[in-house]
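A quick write-up on the structure given underneath.
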Amino acid sequence: MPGNATNFIHGADDIVRVPDVVPPINISTTYRYNSDPSQLVKVADRGGYEILNNPWYSRLSHPNSEQIENAVAKVTGGYVVAYSSGLSAFFALMTYYNPKVLSIGNGYHGVHGIANIFTRNNGLKQISLDDDFEQLNEGDIVHLETPVNPEGINFNIKEFADKAHARGAILSVDATFAPPPLQDPFKFGADIILHSATKFFGGHSDLLAGFLITKSKEIRDALLNDRLLLGTNIANLESSLLIRGIRTLDLRVRKQSETASKIVHYLENNKSKFPGLTKIYHGSLQTDAYIKEQLPIGHSPVFSIEVESEVFAKYLPSKLKYFYHATSLGGVESLIEWRALSDPSANPALLRVSIGVEDYEDLLEDFIEAFTAAKLEVASLK
Ligand SMILES: *Cc1c(COP(=O)(O)O)cnc(C)c1O
């Protein structure tokens, strides 16, 4: 079987309908039905999405969404359904399973926002990952984000899979922070995987997209049916940008992961060069035995740092040359974000860092200079 890097480039070759090396962007919303009347039954019974190369209406699927789904399916070994964003993928997950109880930990704030909508509308009960799982029953969901936002630290997928399955619940894993080739949640018992493809899969901060990945063809078909009705399919241009993005995913993520761990270790071992730095959060600093199995290649390219004060956190980004001060993560450009700006529940002294593909030495030097400059400026404010 071809490896990840090969599949990211060639995984959809068999369904591209033209000889173009770069598949065209198919902007058509509608596709001519088969001109042979004897073939029309198949299309009309809505089994249509099973017939690749035979699109019908782009809210159901279109050639570009099928290309991205096929390539990512080959890499992940599951059935992939693409969405217009990571949050619309989570919304689809909640709509399909419609749990009575959701066990959910810290993590991406928008996901909690969706859970709160379900609590408001349907009385969904939410419990934490530490609560008693006796409260879960068949059809309920344990939703684990690992590595978790914003810290980039890990939870043991197998442990939560076992605990969920013992109650007849399913385990969904938001693996956005550790895309392939870093982590395969299916290997440790996850039932369904979520990715915000806006982040590493896209990789260039220029598209919104999300995936649900399941081992079950039946669930995939049901999700496609729901997606058709909810109107949350990924758009044509976004699919095309994503097809381009994933061609380099393997290369990018390996480098970003390596650079992130190197920077984290430098920070951790040279704290005196970073005045104002109080704490670093990253999976590479965790020592639990399961980590090496769960992340055999490397850690998330995202980590967080805590600094001495809110005002230091506010000034530090302005001193960096190569880290844009912006939200989001996973792109080729390094980003830093004072989390308080986008997540009202965040620790006001916390900054999240997403490492891009720039040279390690430049990023490190930038950090060293920025801490010293921020320290001086913050002192002058007093
Ligand atoms: C960004 C993100 C999401 C939401 O994805 P969008 O594509 O922005 O809707 C969900 N989970 C995690 C961990 C994320 O980082």
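Ligands are numbered from 1 in the order shown, chains are lettered A, B, ... in the order of the structure tokens, and residues start at 1 in each chain.
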Surrounding residues of stretch 320-330 of chain A excluding itself and chain neighbours under 5 positions, 6 Å, only C-alpha atoms, as a list of chain:residue names
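Answer for this query is A:Lys199, A:Phe200, A:Gly203, A:Leu335, A:Ile336, A:Glu337, A:Ser354, A:Asp366, A:Ala370.
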Writing out the chosen residues with all heavy atoms as a compact mmCIF listing (two decimals), in the first residue's frame:
```
# COMPACT_ATOMS: atom_id res chain seq x y z
N LYS A 199 -6.95 24.06 9.22
CA LYS A 199 -5.66 24.20 9.88
C LYS A 199 -4.58 23.50 9.05
O LYS A 199 -4.15 24.02 8.05
CB LYS A 199 -5.76 23.66 11.30
CG LYS A 199 -7.00 24.17 12.07
CD LYS A 199 -7.02 25.66 12.30
CE LYS A 199 -8.36 26.19 12.80
NZ LYS A 199 -8.93 25.52 13.95
N PHE A 200 -4.13 22.29 9.45
CA PHE A 200 -2.97 21.69 8.78
C PHE A 200 -3.29 21.14 7.39
O PHE A 200 -2.46 21.22 6.49
CB PHE A 200 -2.38 20.58 9.65
CG PHE A 200 -1.72 21.12 10.87
CD1 PHE A 200 -2.38 21.13 12.09
CD2 PHE A 200 -0.45 21.66 10.80
CE1 PHE A 200 -1.77 21.65 13.21
CE2 PHE A 200 0.17 22.19 11.93
CZ PHE A 200 -0.50 22.18 13.13
N GLY A 203 -3.42 24.20 5.31
CA GLY A 203 -2.02 24.54 5.51
C GLY A 203 -1.58 25.91 5.04
O GLY A 203 -0.41 26.27 5.21
N LEU A 335 2.44 31.56 13.66
CA LEU A 335 1.51 32.51 14.28
C LEU A 335 1.68 32.46 15.80
O LEU A 335 2.02 31.43 16.36
CB LEU A 335 0.05 32.14 13.96
CG LEU A 335 -0.39 32.09 12.50
CD1 LEU A 335 -1.87 31.70 12.42
CD2 LEU A 335 -0.18 33.43 11.81
N ILE A 336 1.40 33.61 16.42
CA ILE A 336 1.27 33.63 17.87
C ILE A 336 -0.03 34.34 18.18
O ILE A 336 -0.44 35.24 17.43
CB ILE A 336 2.48 34.34 18.54
CG1 ILE A 336 2.42 34.16 20.06
CG2 ILE A 336 2.54 35.82 18.15
CD1 ILE A 336 3.74 34.49 20.77
N GLU A 337 -0.70 33.91 19.21
CA GLU A 337 -1.94 34.59 19.57
C GLU A 337 -2.06 34.76 21.07
O GLU A 337 -1.95 33.80 21.83
CB GLU A 337 -3.17 33.82 19.06
CG GLU A 337 -4.44 34.60 19.39
CD GLU A 337 -5.73 33.85 19.08
OE1 GLU A 337 -5.70 32.61 19.04
OE2 GLU A 337 -6.76 34.52 18.90
N SER A 354 1.77 28.67 16.89
CA SER A 354 1.69 27.66 15.84
C SER A 354 2.93 27.81 14.98
O SER A 354 3.16 28.88 14.39
CB SER A 354 0.42 27.87 15.00
OG SER A 354 0.43 27.00 13.90
N ASP A 366 14.16 35.10 16.76
CA ASP A 366 13.04 36.04 16.88
C ASP A 366 12.47 35.98 18.30
O ASP A 366 12.22 37.01 18.93
CB ASP A 366 11.96 35.63 15.85
CG ASP A 366 11.02 36.77 15.50
OD1 ASP A 366 11.35 37.94 15.79
OD2 ASP A 366 9.94 36.48 14.94
N ALA A 370 12.50 38.96 21.04
CA ALA A 370 11.19 39.50 21.40
C ALA A 370 10.98 39.50 22.91
O ALA A 370 10.43 40.45 23.47
CB ALA A 370 10.08 38.71 20.71
```
Can you list every residue of chain A that has an atom at most 7 Å from ligand 1, with its nearest atom pair and the distance in Å to one decimal, using only C-alpha atoms and all ligand atoms, ordered by chain then number, as JSON lines?
```
{"residue": "A:Ser85", "atom": "CA", "partner": "ligand 1", "partner_atom_place_in_ligand_line": "7 (O)", "distance": 4.0}
{"residue": "A:Gly86", "atom": "CA", "partner": "ligand 1", "partner_atom_place_in_ligand_line": "5 (O)", "distance": 3.4}
{"residue": "A:Leu87", "atom": "CA", "partner": "ligand 1", "partner_atom_place_in_ligand_line": "9 (O)", "distance": 3.8}
{"residue": "A:Ser88", "atom": "CA", "partner": "ligand 1", "partner_atom_place_in_ligand_line": "9 (O)", "distance": 6.4}
{"residue": "A:Gly107", "atom": "CA", "partner": "ligand 1", "partner_atom_place_in_ligand_line": "13 (C)", "distance": 6.6}
{"residue": "A:Tyr108", "atom": "CA", "partner": "ligand 1", "partner_atom_place_in_ligand_line": "12 (C)", "distance": 5.0}
{"residue": "A:Gly110", "atom": "CA", "partner": "ligand 1", "partner_atom_place_in_ligand_line": "4 (C)", "distance": 6.5}
{"residue": "A:Val111", "atom": "CA", "partner": "ligand 1", "partner_atom_place_in_ligand_line": "10 (C)", "distance": 6.3}
{"residue": "A:Glu145", "atom": "CA", "partner": "ligand 1", "partner_atom_place_in_ligand_line": "13 (C)", "distance": 6.5}
{"residue": "A:Val148", "atom": "CA", "partner": "ligand 1", "partner_atom_place_in_ligand_line": "13 (C)", "distance": 6.7}
{"residue": "A:Asn149", "atom": "CA", "partner": "ligand 1", "partner_atom_place_in_ligand_line": "13 (C)", "distance": 5.7}
{"residue": "A:Asp174", "atom": "CA", "partner": "ligand 1", "partner_atom_place_in_ligand_line": "13 (C)", "distance": 6.0}
{"residue": "A:Ala175", "atom": "CA", "partner": "ligand 1", "partner_atom_place_in_ligand_line": "13 (C)", "distance": 6.9}
{"residue": "A:Thr176", "atom": "CA", "partner": "ligand 1", "partner_atom_place_in_ligand_line": "13 (C)", "distance": 5.0}
{"residue": "A:Phe177", "atom": "CA", "partner": "ligand 1", "partner_atom_place_in_ligand_line": "13 (C)", "distance": 6.1}
{"residue": "A:His195", "atom": "CA", "partner": "ligand 1", "partner_atom_place_in_ligand_line": "11 (N)", "distance": 6.8}
{"residue": "A:Ser196", "atom": "CA", "partner": "ligand 1", "partner_atom_place_in_ligand_line": "5 (O)", "distance": 4.3}
{"residue": "A:Ala197", "atom": "CA", "partner": "ligand 1", "partner_atom_place_in_ligand_line": "7 (O)", "distance": 6.1}
{"residue": "A:Thr198", "atom": "CA", "partner": "ligand 1", "partner_atom_place_in_ligand_line": "7 (O)", "distance": 4.7}
{"residue": "A:Lys199", "atom": "CA", "partner": "ligand 1", "partner_atom_place_in_ligand_line": "1 (C)", "distance": 6.6}
{"residue": "A:Leu208", "atom": "CA", "partner": "ligand 1", "partner_atom_place_in_ligand_line": "7 (O)", "distance": 5.1}
{"residue": "A:Ala209", "atom": "CA", "partner": "ligand 1", "partner_atom_place_in_ligand_line": "7 (O)", "distance": 5.2}
{"residue": "A:Gly210", "atom": "CA", "partner": "ligand 1", "partner_atom_place_in_ligand_line": "7 (O)", "distance": 5.6}
{"residue": "A:Ser328", "atom": "CA", "partner": "ligand 1", "partner_atom_place_in_ligand_line": "1 (C)", "distance": 6.4}
```
Could the residues of stretch 66-88 of chain A that have an atom at most 9 Å from stretch 5-11 of chain A be listed as a tab-separated table, each with its closest atom pair and the distance in Å to one decimal, counting only C-alpha atoms and ordered by chain and ascending residue number?
```
residue	atom	partner	partner_atom	distance
A:Gln67	CA	A:Gly11	CA	8.1
A:Ile68	CA	A:Gly11	CA	8.6
A:Asn70	CA	A:Gly11	CA	6.3
A:Ala71	CA	A:Gly11	CA	4.0
A:Val72	CA	A:Phe8	CA	6.9
A:Ala73	CA	A:Gly11	CA	8.2
A:Lys74	CA	A:Gly11	CA	6.1
A:Val75	CA	A:Asn7	CA	6.0
```
Would you write out those residues with N, CA, C and O atoms, as a PDB file, in the first residue's frame?
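Dumped to out_27.pdb:
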```pdb
ATOM      1  N   GLN A  67     -12.882  14.344  -4.710  1.00  0.00           N
ATOM      2  CA  GLN A  67     -11.428  14.158  -4.815  1.00  0.00           C
ATOM      3  C   GLN A  67     -10.771  14.284  -3.435  1.00  0.00           C
ATOM      4  O   GLN A  67      -9.949  13.447  -3.048  1.00  0.00           O
ATOM      5  N   ILE A  68     -11.167  15.310  -2.700  1.00  0.00           N
ATOM      6  CA  ILE A  68     -10.514  15.486  -1.393  1.00  0.00           C
ATOM      7  C   ILE A  68     -10.910  14.344  -0.458  1.00  0.00           C
ATOM      8  O   ILE A  68     -10.083  13.800   0.281  1.00  0.00           O
ATOM      9  N   ASN A  70     -11.685  11.291  -1.217  1.00  0.00           N
ATOM     10  CA  ASN A  70     -11.014  10.046  -1.602  1.00  0.00           C
ATOM     11  C   ASN A  70      -9.547  10.032  -1.200  1.00  0.00           C
ATOM     12  O   ASN A  70      -9.044   9.017  -0.714  1.00  0.00           O
ATOM     13  N   ALA A  71      -8.883  11.151  -1.396  1.00  0.00           N
ATOM     14  CA  ALA A  71      -7.454  11.178  -1.040  1.00  0.00           C
ATOM     15  C   ALA A  71      -7.283  11.026   0.473  1.00  0.00           C
ATOM     16  O   ALA A  71      -6.445  10.256   0.943  1.00  0.00           O
ATOM     17  N   VAL A  72      -8.103  11.752   1.241  1.00  0.00           N
ATOM     18  CA  VAL A  72      -7.961  11.683   2.703  1.00  0.00           C
ATOM     19  C   VAL A  72      -8.399  10.309   3.216  1.00  0.00           C
ATOM     20  O   VAL A  72      -7.836   9.784   4.185  1.00  0.00           O
ATOM     21  N   ALA A  73      -9.354   9.687   2.537  1.00  0.00           N
ATOM     22  CA  ALA A  73      -9.775   8.330   2.926  1.00  0.00           C
ATOM     23  C   ALA A  73      -8.613   7.355   2.770  1.00  0.00           C
ATOM     24  O   ALA A  73      -8.375   6.504   3.633  1.00  0.00           O
ATOM     25  N   LYS A  74      -7.865   7.493   1.685  1.00  0.00           N
ATOM     26  CA  LYS A  74      -6.747   6.558   1.482  1.00  0.00           C
ATOM     27  C   LYS A  74      -5.687   6.727   2.569  1.00  0.00           C
ATOM     28  O   LYS A  74      -5.076   5.761   3.010  1.00  0.00           O
ATOM     29  N   VAL A  75      -5.488   7.956   3.005  1.00  0.00           N
ATOM     30  CA  VAL A  75      -4.467   8.199   4.030  1.00  0.00           C
ATOM     31  C   VAL A  75      -4.927   7.715   5.403  1.00  0.00           C
ATOM     32  O   VAL A  75      -4.142   7.154   6.168  1.00  0.00           O
TER      33      VAL A  75
END
```
DSSP on the backbone: which residues in stretch 169-338 of chain A end up as strand (DSSP E)? Give the answer as a PyMOL selection string.
chain A and resi 170-174+192-196+210-214+277-281+302-307+324-325+335-338
Stretch 296-317 of chain A residues near stretch 257-270 of chain A within 7 Å, closest pair each, using only C-alpha atoms, as CSV:
```
residue,atom,partner,partner_atom,distance
A:Gly298,CA,A:Ser257,CA,6.0
A:His299,CA,A:Ser257,CA,5.6
A:Ser300,CA,A:Ser257,CA,5.6
A:Pro301,CA,A:Ser257,CA,4.4
A:Val302,CA,A:Ala260,CA,7.0
```
